[in-house]
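Printed here is data_2.txt (compact mmCIF, C-alpha atoms):
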```
# COMPACT_ATOMS: atom_id res chain seq x y z
CA MET A 1 92.33 -41.79 94.92
CA SER A 2 94.56 -39.47 96.93
CA SER A 3 92.21 -36.49 97.33
CA ALA A 4 88.61 -37.41 98.20
CA PRO A 5 85.93 -34.85 97.41
CA SER A 6 85.11 -32.61 100.36
CA VAL A 7 81.38 -33.26 100.09
CA GLY A 8 79.39 -36.41 99.33
CA ARG A 9 80.13 -40.09 99.51
CA PRO A 10 83.26 -41.57 97.99
CA ARG A 11 82.82 -42.09 94.28
CA SER A 12 82.50 -45.65 92.99
CA GLY A 13 84.15 -45.13 89.59
CA ALA A 14 87.72 -44.48 88.61
CA ARG A 15 89.05 -40.94 88.91
CA ARG A 16 88.39 -38.94 85.75
CA LEU A 17 91.35 -36.64 86.30
CA PRO A 18 94.61 -37.69 87.91
CA THR A 19 94.88 -34.59 90.09
CA GLY A 20 91.42 -33.06 89.93
CA THR A 21 89.30 -31.80 92.80
CA ALA A 22 85.61 -32.81 92.91
CA ARG A 23 84.84 -29.44 91.35
CA ASP A 24 87.24 -30.09 88.45
CA GLU A 25 85.77 -33.53 87.93
CA ILE A 26 82.23 -32.14 87.80
CA LEU A 27 83.35 -29.61 85.18
CA ASP A 28 85.12 -32.30 83.19
CA ALA A 29 82.15 -34.69 83.23
CA ALA A 30 79.76 -31.88 82.32
CA ALA A 31 82.00 -30.81 79.43
CA GLU A 32 82.03 -34.36 78.10
CA LEU A 33 78.25 -34.76 78.37
CA PHE A 34 77.43 -31.29 76.98
CA ALA A 35 79.79 -31.73 74.04
CA GLU A 36 78.90 -35.33 73.22
CA ARG A 37 75.17 -35.62 74.10
CA GLY A 38 74.15 -31.99 73.99
CA TYR A 39 73.37 -29.41 76.67
CA ALA A 40 69.58 -29.81 76.68
CA ALA A 41 69.86 -33.60 76.82
CA THR A 42 72.14 -33.52 79.88
CA SER A 43 70.80 -33.24 83.44
CA THR A 44 72.70 -32.41 86.61
CA ARG A 45 71.76 -35.92 87.76
CA MET A 46 73.63 -37.43 84.82
CA ILE A 47 76.66 -35.27 85.60
CA ALA A 48 76.62 -36.32 89.27
CA GLU A 49 76.28 -39.98 88.29
CA MET A 50 79.16 -39.78 85.85
CA VAL A 51 81.44 -38.29 88.51
CA GLY A 52 80.11 -40.68 91.15
CA VAL A 53 78.85 -38.04 93.62
CA ARG A 54 75.38 -37.30 94.95
CA GLN A 55 73.41 -34.48 93.37
CA ALA A 56 73.61 -32.63 96.69
CA SER A 57 77.39 -32.58 96.33
CA LEU A 58 77.11 -31.22 92.84
CA TYR A 59 74.79 -28.44 94.07
CA TYR A 60 77.33 -27.60 96.75
CA HIS A 61 79.71 -26.58 93.96
CA PHE A 62 77.26 -25.34 91.32
CA LYS A 63 73.76 -24.05 91.96
CA THR A 64 72.54 -24.67 88.40
CA LYS A 65 73.41 -26.40 85.14
CA GLU A 66 73.74 -22.91 83.60
CA GLN A 67 76.47 -22.07 86.12
CA ILE A 68 78.48 -25.14 85.05
CA LEU A 69 78.16 -24.26 81.38
CA ALA A 70 79.05 -20.62 82.04
CA GLU A 71 82.24 -21.62 83.84
CA LEU A 72 83.20 -24.03 81.04
CA LEU A 73 82.61 -21.39 78.38
CA GLU A 74 84.53 -18.73 80.31
CA SER A 75 87.49 -21.11 80.48
CA THR A 76 87.66 -21.05 76.66
CA VAL A 77 88.17 -17.26 76.47
CA ARG A 78 89.54 -15.95 79.79
CA PRO A 79 93.10 -17.31 79.46
CA SER A 80 93.46 -15.76 75.99
CA LEU A 81 91.99 -12.49 77.23
CA GLU A 82 94.50 -12.37 80.07
CA TYR A 83 97.29 -13.24 77.67
CA ALA A 84 96.21 -10.40 75.34
CA ALA A 85 96.46 -7.99 78.28
CA GLU A 86 99.97 -9.24 79.12
CA LEU A 87 101.04 -8.89 75.49
CA SER A 88 99.90 -5.29 75.29
CA GLY A 89 102.55 -4.26 77.84
CA GLN A 90 105.45 -5.92 76.05
CA GLY A 91 106.08 -3.40 73.30
CA LEU A 92 105.81 -5.95 70.51
CA GLY A 93 105.10 -4.96 66.92
CA PRO A 94 101.58 -5.64 65.64
CA ALA A 95 102.56 -8.69 63.60
CA GLU A 96 104.51 -10.24 66.45
CA ALA A 97 101.74 -9.57 68.98
CA LEU A 98 98.98 -10.91 66.71
CA HIS A 99 101.03 -14.03 65.97
CA ALA A 100 101.60 -14.66 69.68
CA LEU A 101 97.90 -14.21 70.57
CA VAL A 102 96.70 -16.52 67.80
CA VAL A 103 99.19 -19.24 68.78
CA TYR A 104 98.07 -18.96 72.42
CA ASP A 105 94.33 -18.82 71.68
CA VAL A 106 94.41 -21.77 69.27
CA GLY A 107 96.36 -23.65 71.94
CA VAL A 108 93.60 -22.97 74.48
CA LEU A 109 90.85 -24.09 72.07
CA LEU A 110 92.67 -27.25 71.02
CA GLY A 111 94.13 -28.05 74.41
CA ALA A 112 90.91 -28.42 76.39
CA ARG A 113 89.95 -32.06 76.99
CA TRP A 114 86.50 -31.48 75.45
CA ASN A 115 85.58 -29.25 72.55
CA VAL A 116 83.39 -26.92 74.62
CA GLY A 117 83.52 -24.14 72.01
CA ILE A 118 80.89 -25.97 69.96
CA LEU A 119 78.44 -24.81 72.65
CA TYR A 120 78.90 -21.12 71.70
CA ALA A 121 75.92 -21.52 69.36
CA LEU A 122 73.41 -22.61 72.02
CA PRO A 123 70.43 -20.22 72.16
CA GLU A 124 70.74 -20.25 75.98
CA ILE A 125 73.96 -18.25 75.66
CA ALA A 126 71.86 -15.12 75.04
CA THR A 127 70.42 -15.34 78.58
CA GLU A 128 71.58 -13.72 81.81
CA PRO A 129 73.74 -16.50 83.33
CA PHE A 130 76.06 -16.16 80.33
CA ALA A 131 76.40 -12.37 80.42
CA ARG A 132 79.96 -12.54 81.77
CA PHE A 133 81.01 -15.11 79.17
CA ARG A 134 79.54 -12.97 76.39
CA ALA A 135 81.28 -9.86 77.73
CA GLU A 136 84.65 -11.63 77.97
CA ARG A 137 84.34 -13.08 74.49
CA GLU A 138 83.52 -9.59 73.14
CA GLN A 139 86.61 -8.24 74.90
CA LEU A 140 88.69 -10.89 73.19
CA ARG A 141 87.14 -9.91 69.85
CA LEU A 142 88.09 -6.28 70.59
CA ALA A 143 91.66 -7.34 71.38
CA TYR A 144 91.86 -8.91 67.90
CA ARG A 145 90.35 -5.82 66.30
CA ARG A 146 92.94 -3.63 68.05
CA LEU A 147 95.89 -5.82 67.11
CA VAL A 148 94.75 -6.08 63.50
CA ALA A 149 94.11 -2.35 63.20
CA ALA A 150 97.31 -1.30 65.01
CA ASP A 151 98.97 1.72 63.42
CA ARG A 152 96.88 1.29 60.28
CA PRO A 153 93.92 3.67 60.52
CA GLY A 154 92.37 2.42 57.26
CA THR A 155 91.89 -1.14 58.49
CA SER A 156 88.28 -2.17 58.80
CA GLU A 157 86.85 -3.68 61.98
CA VAL A 158 85.63 -6.53 59.82
CA THR A 159 89.21 -7.69 59.28
CA GLY A 160 89.64 -8.07 63.04
CA ASP A 161 86.35 -9.96 63.25
CA LEU A 162 87.46 -12.27 60.46
CA VAL A 163 90.73 -13.04 62.24
CA PHE A 164 88.71 -13.78 65.38
CA GLY A 165 86.44 -16.06 63.32
CA LEU A 166 89.46 -17.74 61.73
CA VAL A 167 90.89 -18.56 65.16
CA GLU A 168 87.56 -19.95 66.40
CA SER A 169 87.25 -22.04 63.24
CA VAL A 170 89.59 -24.56 64.88
CA ILE A 171 86.58 -25.48 67.05
CA GLY A 172 84.76 -26.60 63.90
CA MET A 173 87.86 -28.35 62.52
CA ARG A 174 88.21 -30.27 65.78
CA ARG A 175 84.54 -31.27 65.55
CA ASP A 176 84.46 -32.17 61.86
CA LEU A 177 87.80 -33.63 60.80
CA PRO A 178 88.75 -37.22 61.56
CA SER A 179 92.25 -36.07 62.50
CA LEU A 180 94.07 -32.78 62.93
CA PRO A 181 97.72 -31.88 62.34
CA PRO A 182 99.87 -31.90 65.52
CA ARG A 183 98.79 -29.05 67.79
CA ALA A 184 101.96 -26.94 67.47
CA GLU A 185 101.82 -27.23 63.68
CA LEU A 186 98.16 -26.13 63.57
CA GLN A 187 98.90 -23.24 65.94
CA SER A 188 101.63 -22.03 63.54
CA SER A 189 99.46 -22.52 60.46
CA VAL A 190 96.56 -20.52 61.89
CA ALA A 191 98.87 -17.76 63.14
CA ALA A 192 100.56 -17.45 59.74
CA ALA A 193 97.15 -17.45 58.03
CA ALA A 194 95.92 -14.74 60.42
CA LEU A 195 98.91 -12.51 59.56
CA ARG A 196 98.29 -12.93 55.82
CA LEU A 197 94.58 -12.25 56.31
CA ALA A 198 95.39 -9.11 58.30
CA GLY A 199 97.90 -7.96 55.72
CA LEU A 200 100.70 -8.23 58.29
CA GLY A 201 102.31 -11.31 56.73
CA MET B 202 46.38 -15.67 50.89
CA SER B 203 46.52 -16.73 47.23
CA SER B 204 47.79 -20.32 47.61
CA ALA B 205 46.17 -22.36 50.37
CA PRO B 206 48.12 -25.31 51.73
CA SER B 207 47.27 -28.57 50.01
CA VAL B 208 46.75 -30.43 53.27
CA GLY B 209 45.17 -29.39 56.58
CA ARG B 210 42.76 -26.70 57.59
CA PRO B 211 43.22 -23.09 56.54
CA ARG B 212 45.75 -21.40 58.78
CA SER B 213 44.48 -18.79 61.19
CA GLY B 214 47.54 -16.54 61.27
CA ALA B 215 49.03 -14.26 58.65
CA ARG B 216 51.13 -15.85 55.90
CA ARG B 217 54.76 -16.15 56.93
CA LEU B 218 56.06 -16.01 53.37
CA PRO B 219 54.44 -14.02 50.59
CA THR B 220 54.71 -16.79 48.01
CA GLY B 221 55.49 -19.88 50.07
CA THR B 222 53.87 -23.30 49.85
CA ALA B 223 52.83 -25.04 53.09
CA ARG B 224 56.08 -26.96 52.88
CA ASP B 225 58.13 -23.75 52.64
CA GLU B 226 56.23 -22.25 55.56
CA ILE B 227 56.90 -25.31 57.72
CA LEU B 228 60.61 -25.05 56.90
CA ASP B 229 60.61 -21.33 57.65
CA ALA B 230 58.80 -21.70 60.99
CA ALA B 231 61.08 -24.58 61.98
CA ALA B 232 64.17 -22.56 61.08
CA GLU B 233 62.98 -19.70 63.26
CA LEU B 234 62.19 -21.95 66.23
CA PHE B 235 65.38 -24.05 65.93
CA ALA B 236 67.57 -20.96 65.63
CA GLU B 237 65.86 -18.86 68.32
CA ARG B 238 64.68 -21.44 70.91
CA GLY B 239 66.97 -24.34 70.11
CA TYR B 240 66.45 -27.66 68.36
CA ALA B 241 65.86 -29.81 71.45
CA ALA B 242 63.38 -27.28 72.87
CA THR B 243 61.26 -27.26 69.70
CA SER B 244 58.58 -29.89 69.01
CA THR B 245 56.82 -30.63 65.72
CA ARG B 246 53.63 -29.51 67.48
CA MET B 247 55.12 -26.04 68.05
CA ILE B 248 56.14 -25.85 64.41
CA ALA B 249 52.64 -26.86 63.24
CA GLU B 250 51.08 -24.32 65.58
CA MET B 251 53.32 -21.53 64.38
CA VAL B 252 52.40 -22.22 60.76
CA GLY B 253 48.75 -22.74 61.66
CA VAL B 254 48.39 -26.30 60.33
CA ARG B 255 47.52 -29.56 62.07
CA GLN B 256 50.36 -31.88 63.03
CA ALA B 257 48.97 -34.42 60.54
CA SER B 258 49.61 -31.88 57.77
CA LEU B 259 53.14 -31.38 58.96
CA TYR B 260 53.71 -35.15 58.95
CA TYR B 261 52.42 -35.29 55.40
CA HIS B 262 55.42 -33.18 54.39
CA PHE B 263 58.03 -34.34 56.92
CA LYS B 264 58.05 -37.65 58.74
CA THR B 265 60.30 -36.44 61.57
CA LYS B 266 61.80 -33.33 63.14
CA GLU B 267 65.21 -34.64 62.02
CA GLN B 268 64.03 -34.58 58.41
CA ILE B 269 63.10 -30.90 58.70
CA LEU B 270 66.47 -30.02 60.22
CA ALA B 271 68.31 -32.06 57.60
CA GLU B 272 66.57 -30.22 54.78
CA LEU B 273 67.31 -26.84 56.38
CA LEU B 274 70.97 -27.69 56.85
CA GLU B 275 71.33 -29.03 53.32
CA SER B 276 69.93 -25.73 52.02
CA THR B 277 72.93 -23.95 53.58
CA VAL B 278 75.50 -25.94 51.58
CA ARG B 279 73.89 -27.40 48.44
CA PRO B 280 73.59 -24.14 46.44
CA SER B 281 77.27 -23.35 47.03
CA LEU B 282 78.26 -26.90 46.14
CA GLU B 283 76.34 -26.67 42.87
CA TYR B 284 77.89 -23.28 42.19
CA ALA B 285 81.38 -24.71 42.81
CA ALA B 286 80.65 -27.40 40.19
CA GLU B 287 79.51 -24.76 37.68
CA LEU B 288 82.63 -22.69 38.32
CA SER B 289 84.96 -25.59 37.68
CA GLY B 290 83.87 -25.73 34.03
CA GLN B 291 84.45 -22.06 33.34
CA GLY B 292 88.21 -22.02 32.94
CA LEU B 293 88.74 -19.31 35.59
CA GLY B 294 92.07 -18.77 37.28
CA PRO B 295 92.33 -20.00 40.90
CA ALA B 296 92.05 -16.51 42.44
CA GLU B 297 89.04 -15.60 40.33
CA ALA B 298 87.27 -18.89 41.03
CA LEU B 299 87.95 -18.76 44.78
CA HIS B 300 86.73 -15.17 44.95
CA ALA B 301 83.51 -16.08 43.13
CA LEU B 302 82.80 -19.09 45.35
CA VAL B 303 83.39 -17.14 48.57
CA VAL B 304 81.11 -14.29 47.43
CA TYR B 305 78.40 -16.81 46.53
CA ASP B 306 78.73 -18.93 49.67
CA VAL B 307 78.75 -15.92 52.03
CA GLY B 308 75.67 -14.69 50.17
CA VAL B 309 73.90 -18.01 50.84
CA LEU B 310 74.82 -17.95 54.55
CA LEU B 311 73.80 -14.33 55.05
CA GLY B 312 70.79 -14.43 52.73
CA ALA B 313 68.76 -17.11 54.50
CA ARG B 314 65.94 -15.67 56.61
CA TRP B 315 67.20 -17.52 59.72
CA ASN B 316 70.78 -18.23 60.73
CA VAL B 317 70.46 -22.00 60.43
CA GLY B 318 74.22 -22.52 60.26
CA ILE B 319 74.43 -22.10 64.03
CA LEU B 320 72.88 -25.58 64.20
CA TYR B 321 75.97 -27.21 62.61
CA ALA B 322 77.27 -27.77 66.14
CA LEU B 323 74.32 -29.88 67.37
CA PRO B 324 75.47 -33.32 68.53
CA GLU B 325 72.52 -34.80 66.59
CA ILE B 326 74.31 -33.91 63.34
CA ALA B 327 76.57 -36.93 63.84
CA THR B 328 73.57 -39.30 63.46
CA GLU B 329 72.20 -41.04 60.37
CA PRO B 330 69.46 -38.59 59.25
CA PHE B 331 72.19 -36.02 58.67
CA ALA B 332 74.54 -38.24 56.66
CA ARG B 333 73.68 -36.48 53.39
CA PHE B 334 74.18 -33.02 54.91
CA ARG B 335 77.54 -34.08 56.33
CA ALA B 336 78.61 -35.54 52.98
CA GLU B 337 77.60 -32.41 51.07
CA ARG B 338 79.34 -30.13 53.53
CA GLU B 339 82.51 -32.25 53.22
CA GLN B 340 82.26 -31.95 49.43
CA LEU B 341 82.10 -28.18 49.80
CA ARG B 342 85.17 -28.30 52.05
CA LEU B 343 86.96 -30.32 49.36
CA ALA B 344 85.98 -27.74 46.73
CA TYR B 345 87.68 -25.07 48.85
CA ARG B 346 90.76 -27.26 49.34
CA ARG B 347 91.00 -27.82 45.59
CA LEU B 348 90.60 -24.14 44.71
CA VAL B 349 93.11 -23.07 47.34
CA ALA B 350 95.65 -25.69 46.29
CA ALA B 351 95.18 -25.15 42.53
CA ASP B 352 98.45 -25.28 40.62
CA ARG B 353 100.42 -24.95 43.84
CA PRO B 354 101.50 -28.43 44.93
CA GLY B 355 103.09 -27.16 48.14
CA THR B 356 99.86 -25.75 49.58
CA SER B 357 98.67 -27.52 52.69
CA GLU B 358 95.13 -28.89 53.04
CA VAL B 359 94.90 -26.88 56.23
CA THR B 360 94.90 -23.64 54.23
CA GLY B 361 91.78 -24.81 52.38
CA ASP B 362 90.15 -25.79 55.66
CA LEU B 363 90.96 -22.37 57.11
CA VAL B 364 89.36 -20.61 54.12
CA PHE B 365 86.30 -22.83 54.60
CA GLY B 366 86.27 -21.89 58.29
CA LEU B 367 86.68 -18.21 57.46
CA VAL B 368 83.64 -18.33 55.16
CA GLU B 369 81.54 -20.10 57.80
CA SER B 370 82.64 -17.56 60.41
CA VAL B 371 79.98 -15.21 58.99
CA ILE B 372 77.46 -17.51 60.75
CA GLY B 373 79.03 -16.52 64.06
CA MET B 374 79.26 -12.84 63.09
CA ARG B 375 75.56 -12.87 62.20
CA ARG B 376 74.80 -14.46 65.58
CA ASP B 377 77.07 -12.28 67.72
CA LEU B 378 77.26 -8.79 66.28
CA PRO B 379 74.48 -6.23 66.82
CA SER B 380 74.79 -5.19 63.18
CA LEU B 381 76.67 -6.31 60.10
CA PRO B 382 78.00 -4.32 57.14
CA PRO B 383 75.72 -4.37 54.06
CA ARG B 384 75.68 -7.87 52.59
CA ALA B 385 77.51 -7.06 49.34
CA GLU B 386 80.25 -5.28 51.29
CA LEU B 387 80.72 -8.22 53.66
CA GLN B 388 80.78 -10.67 50.73
CA SER B 389 83.61 -8.63 49.17
CA SER B 390 85.51 -8.31 52.44
CA VAL B 391 85.41 -12.04 53.13
CA ALA B 392 86.39 -12.90 49.56
CA ALA B 393 89.35 -10.50 49.65
CA ALA B 394 90.38 -11.89 53.05
CA ALA B 395 90.14 -15.45 51.69
CA LEU B 396 92.46 -14.59 48.79
CA ARG B 397 95.02 -13.03 51.14
CA LEU B 398 94.76 -16.02 53.48
CA ALA B 399 95.26 -18.41 50.55
CA GLY B 400 98.20 -16.37 49.27
CA LEU B 401 96.30 -15.63 46.05
CA GLY B 402 95.69 -11.95 46.88
```
Encoding of this model in structure tokens:
Amino acid sequence: MSSAPSVGRPRSGARRLPTGTARDEILDAAAELFAERGYAATSTRMIAEMVGVRQASLYYHFKTKEQILAELLESTVRPSLEYAAELSGQGLGPAEALHALVVYDVGVLLGARWNVGILYALPEIATEPFARFRAEREQLRLAYRRLVAADRPGTSEVTGDLVFGLVESVIGMRRDLPSLPPRAELQSSVAAAALRLAGLG
Amino acid sequence: MSSAPSVGRPRSGARRLPTGTARDEILDAAAELFAERGYAATSTRMIAEMVGVRQASLYYHFKTKEQILAELLESTVRPSLEYAAELSGQGLGPAEALHALVVYDVGVLLGARWNVGILYALPEIATEPFARFRAEREQLRLAYRRLVAADRPGTSEVTGDLVFGLVESVIGMRRDLPSLPPRAELQSSVAAAALRLAGLG
């Protein structure tokens, strides 16, 4: 219990995260509840209780439940989007760049403590608080389309969309399968599959 | 208004489906509400009101909201599962059979009036009323694994799972993209992509 939260009474339970701030712990508890119980069935009171803070403390960090979900969803796409931007300056060939992005993106989706990507399908995502998440996810889709199409004018946009869908299918695998291959192995398998799909294999 | 529902008062609104029974219209209204508003936010009363029948009539056909969702979800996998069984007796080569199943399955997912597949991610799906849906979807996954692995002992199960994920990614495309290519074109694109992914191209 080295770093107490800046707001609210000391929490009664054990720390959820070894080095997390109160804000990180709220996000982590919300991710667990949203993914396991469902978004509609989770209240900010439940999240506060799980972390062991008062609701007022939670509101200090997040004004609404939507804001928590938006931040969690953005964390599933923003790192890969930033990585795609980095890659584009490195002068890699299309196959090499696509492989690197898929490995990274699958790592992000599998590496999060909770499988937040399953919440992409919530009808709420179409509303205003999720506009930034939607825009960032579309940018990531465009990055895939560009990499897949690179130097091959005949390539259809659909192929890029299918590679994007293939990468996100690890969210469903993580939800549905009793066990997954080791993460590095699955990252390689999906990247190799993406190259074959794109005709860059 | 040729076929009145067998139970309940005559509906006030226009028919939802030109040739539907009351049961079909309940399923159709529920699919629209679940997909557009969300499952948790939809009550059986709303479904009955949308169809224009009393709740008692709805309960005559479906005992619970879960039962309606289960039937809708099963309708997204059972036709493809039955088609996979038919295919297996036709002596097709692995590439031909995989191509046919993908075309059929994508047709089922895109052809339904509402994009019910987005509900696969609901946490409720892990509960008992959805055991049959889960079992049928797993059987369909196994059909893909078998077709992808056919006659090639070295092929990993993961490749079959990725083809399955690729096919289901049309659910996300239908949800996220402002417009899709014509259905037949998308069926062909996904089938060709699946063959390349599987190394059967």
_At a cut-off of 8 Å, using only C-alpha atoms, what residues contact B:Arg217? Leave out same-chain residues fewer than 6 positions from it and give the result as a PyMOL selection string._
chain B and resi 226+229-230+252
*Give the residues of chain B that lie within 7 Å of chain A; count all atoms listed in the file, and format the answer as a PyMOL selection string.*
chain B and resi 237-239+241+319+322-324+363+366-367+370+394+397-398
_Which residues are close to A:Ala70, i.e. within 12 Å by all atoms listed in the file, leaving aside same-chain residues fewer than 2 positions away? Reply as a ChimeraX atom specification._
/A:27,30-31,34,39,62-68,72-78,116-117,119-120,122,124-137
*asked:* Please report the interatomic distance between atom CA of A:Ala84 and atom CA of A:Gly154 in Å with one decimal.
replied: 22.5 Å
*Measuring atom to atom with only C-alpha atoms, identify which of B:Thr220, B:Arg375, B:Ile227, B:Ala344 is nearest to B:Asn316.*
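Once distances to B:Asn316 are computed over only C-alpha atoms, the minimum belongs to B:Arg375.
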*May I ask for the distance between atom CA of B:Pro383 and atom CA of B:Val349, given in Å to one decimal place?*
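Computing it gives 26.4 Å between the two atoms.
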*Contacts of A:Leu87 at 10 Å (all atoms listed in the file; same-chain gap of 2+ positions) as a PyMOL selection string*: chain A and resi 81-85+89-92+96-98+100-101
*Tell me, in Å to one decimal, how far atom CA of A:Arg183 is from atom CA of A:Val108.*
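Atom CA of A:Arg183 sits 10.4 Å away from atom CA of A:Val108.
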*Measuring atom to atom with all atoms listed in the file, identify which of B:Ser244, B:Ser281, B:Ser380, B:Gln388 is nearest to B:Leu311.*
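Smallest distance to B:Leu311 is found for B:Gln388.
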